[in-house]
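What's in entry25.tsv: TSV, C-alpha atoms
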```tsv
chain	number	residue	atom	x	y	z
A	75	SER	CA	-20.39	26.77	10.91
A	76	ILE	CA	-19.87	27.06	14.65
A	77	GLY	CA	-16.33	28.35	14.54
A	78	GLU	CA	-12.95	27.82	12.96
A	79	VAL	CA	-10.40	25.21	14.03
A	80	THR	CA	-7.21	27.05	14.90
A	81	SER	CA	-5.11	24.37	16.58
A	82	LEU	CA	-4.87	20.80	17.68
A	83	ILE	CA	-3.65	19.82	21.14
A	84	ILE	CA	-1.86	16.49	20.93
A	85	ASP	CA	-1.05	14.13	23.78
A	86	LEU	CA	2.71	13.74	23.43
A	87	ASP	CA	2.68	10.44	25.34
A	88	ASP	CA	0.63	8.58	22.74
A	89	GLY	CA	0.42	11.00	19.79
A	90	ALA	CA	-3.39	11.15	19.90
A	91	ILE	CA	-5.34	14.32	19.25
A	92	LYS	CA	-6.63	15.37	22.67
A	93	TYR	CA	-8.47	18.61	21.81
A	94	VAL	CA	-9.46	20.53	18.71
A	95	VAL	CA	-9.28	24.25	19.46
A	96	VAL	CA	-12.25	26.11	17.97
A	97	ALA	CA	-12.13	29.90	17.68
A	98	LEU	CA	-15.41	31.71	18.16
A	99	PRO	CA	-15.79	35.32	17.06
A	100	LEU	CA	-17.03	36.44	20.48
A	101	HIS	CA	-17.89	34.38	23.51
A	102	PRO	CA	-20.68	35.84	25.67
A	103	ARG	CA	-18.46	35.77	28.78
A	104	SER	CA	-15.40	37.31	27.12
A	105	THR	CA	-14.28	40.87	26.53
A	106	VAL	CA	-11.87	39.96	23.73
A	107	ALA	CA	-12.71	39.67	20.04
A	108	GLN	CA	-12.02	35.93	19.85
A	109	THR	CA	-12.25	33.10	22.33
A	110	LEU	CA	-10.76	29.63	22.06
A	111	ILE	CA	-12.69	26.55	23.12
A	112	PRO	CA	-10.79	23.26	23.34
A	113	VAL	CA	-13.24	20.55	22.28
A	114	PRO	CA	-12.25	16.95	23.02
A	115	TRP	CA	-11.63	14.84	19.94
A	116	SER	CA	-14.16	12.38	21.36
A	117	ALA	CA	-16.86	15.09	21.21
A	118	LEU	CA	-16.57	15.36	17.42
A	119	ARG	CA	-18.20	13.30	14.71
A	120	LEU	CA	-17.52	13.00	11.02
A	121	ASP	CA	-20.09	14.55	8.69
A	122	ARG	CA	-19.47	12.21	5.77
A	123	GLU	CA	-21.47	14.28	3.28
A	124	ALA	CA	-19.61	17.52	4.01
A	125	HIS	CA	-16.27	15.76	4.68
A	126	VAL	CA	-15.73	17.67	7.93
A	127	PHE	CA	-15.70	16.96	11.64
A	128	VAL	CA	-18.39	18.72	13.64
A	129	PRO	CA	-19.07	18.93	17.37
A	130	ASP	CA	-21.38	16.16	18.52
A	131	VAL	CA	-22.78	18.41	21.26
A	132	SER	CA	-25.42	21.12	21.31
A	133	ARG	CA	-24.60	24.77	20.78
A	134	GLU	CA	-25.61	25.30	24.40
A	135	VAL	CA	-23.03	22.79	25.66
A	136	LEU	CA	-20.37	24.32	23.42
A	137	GLY	CA	-21.35	27.85	24.47
A	138	GLN	CA	-20.94	27.01	28.16
A	139	ALA	CA	-17.64	25.15	27.72
A	140	PRO	CA	-14.46	26.45	29.35
A	141	TRP	CA	-12.61	28.84	27.08
A	142	PHE	CA	-9.32	30.71	26.80
A	143	ASP	CA	-8.29	34.08	25.40
A	144	ALA	CA	-5.02	32.50	24.24
A	145	LEU	CA	-3.76	28.95	23.95
A	146	PRO	CA	-2.91	27.52	27.38
A	147	ASP	CA	0.58	26.37	28.27
A	148	THR	CA	0.03	22.64	27.94
A	149	ARG	CA	3.38	21.94	29.60
A	150	GLN	CA	1.91	22.99	32.96
A	151	VAL	CA	0.63	20.15	35.11
A	152	GLY	CA	-3.15	20.30	35.41
A	153	TRP	CA	-3.63	22.82	32.59
A	154	ASP	CA	-6.73	20.90	31.44
A	155	THR	CA	-8.31	20.10	34.83
A	156	VAL	CA	-11.27	22.41	34.22
A	157	LEU	CA	-11.73	21.02	30.70
A	158	ARG	CA	-11.73	17.41	31.90
A	159	ARG	CA	-14.28	18.21	34.61
A	160	TYR	CA	-16.58	19.91	32.12
A	161	TRP	CA	-16.37	17.37	29.32
A	162	ASN	CA	-16.26	14.28	31.58
A	163	PRO	CA	-18.54	15.07	34.54
```
Can you present the structure in this file as structure tokens?
Amino acid sequence: SIGEVTSLIIDLDDGAIKYVVVALPLHPRSTVAQTLIPVPWSALRLDREAHVFVPDVSREVLGQAPWFDALPDTRQVGWDTVLRRYWNP
């Protein structure tokens, strides 16, 4: 297990899941006990044997992904600019 899914961020325009928020116990660049990494839905794959979705990226990519100490205010314009740049270079 890489982390625990704590939230889904949904695009209210089309109802699609935009990000799955994964909580990690401690991110190397954080001073708080838990960090939240929004992982794009498109970066997940279904593990049919385990019946779960798992990141379809390496631990290194996930470990270097942008993170938050708390859920971002998704009502703010451009809240996910850094995320889009990281996940869609």
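All residues that come within 10 Å of the coordinates (-11.3, 28.4, 21.8), counting only C-alpha atoms, are given as Gly77, Glu78, Val79, Thr80, Ser81, Val94, Val95, Val96, Ala97, Leu98, Pro99, Leu100, His101, Gln108, Thr109, Leu110, Ile111, Pro112, Val113, Ala139, Pro140, Trp141, Phe142, Asp143, Ala144 and Leu145 of chain A.
Across the structure, atom CA of Ser132 of chain A and atom CA of Pro146 of chain A are spaced 24.2 Å apart.
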Expressed in Å, the length from atom CA of Asp130 of chain A to atom CA of Leu118 of chain A is 5.0 Å
Could you state the separation of atom CA of Pro129 of chain A and atom CA of Leu86 of chain A in Å, given to one decimal place? 23.2 Å
Please list as a PyMOL selection string every residue within 10 Å of Arg119 of chain A, counting only C-alpha atoms and excluding residues in the same chain fewer than 3 positions away. chain A and resi 115-116+122+126-131
Once you have the residues from the selection above, write them out as an mmCIF file, in the frame of the given file, restricted to C-alpha atoms.
```
data_model
loop_
_atom_site.group_PDB
_atom_site.id
_atom_site.type_symbol
_atom_site.label_atom_id
_atom_site.label_comp_id
_atom_site.auth_asym_id
_atom_site.auth_seq_id
_atom_site.Cartn_x
_atom_site.Cartn_y
_atom_site.Cartn_z
ATOM 1 C CA TRP A 115 -11.630 14.840 19.940
ATOM 2 C CA SER A 116 -14.160 12.380 21.360
ATOM 3 C CA ARG A 122 -19.470 12.210 5.770
ATOM 4 C CA VAL A 126 -15.730 17.670 7.930
ATOM 5 C CA PHE A 127 -15.700 16.960 11.640
ATOM 6 C CA VAL A 128 -18.390 18.720 13.640
ATOM 7 C CA PRO A 129 -19.070 18.930 17.370
ATOM 8 C CA ASP A 130 -21.380 16.160 18.520
ATOM 9 C CA VAL A 131 -22.780 18.410 21.260
#
```
Of the candidates A:Leu136, A:Leu120, A:Ile91, A:Ile84, which one gets nearest to Tyr160 of chain A if we count all atoms listed in the file? A:Leu136
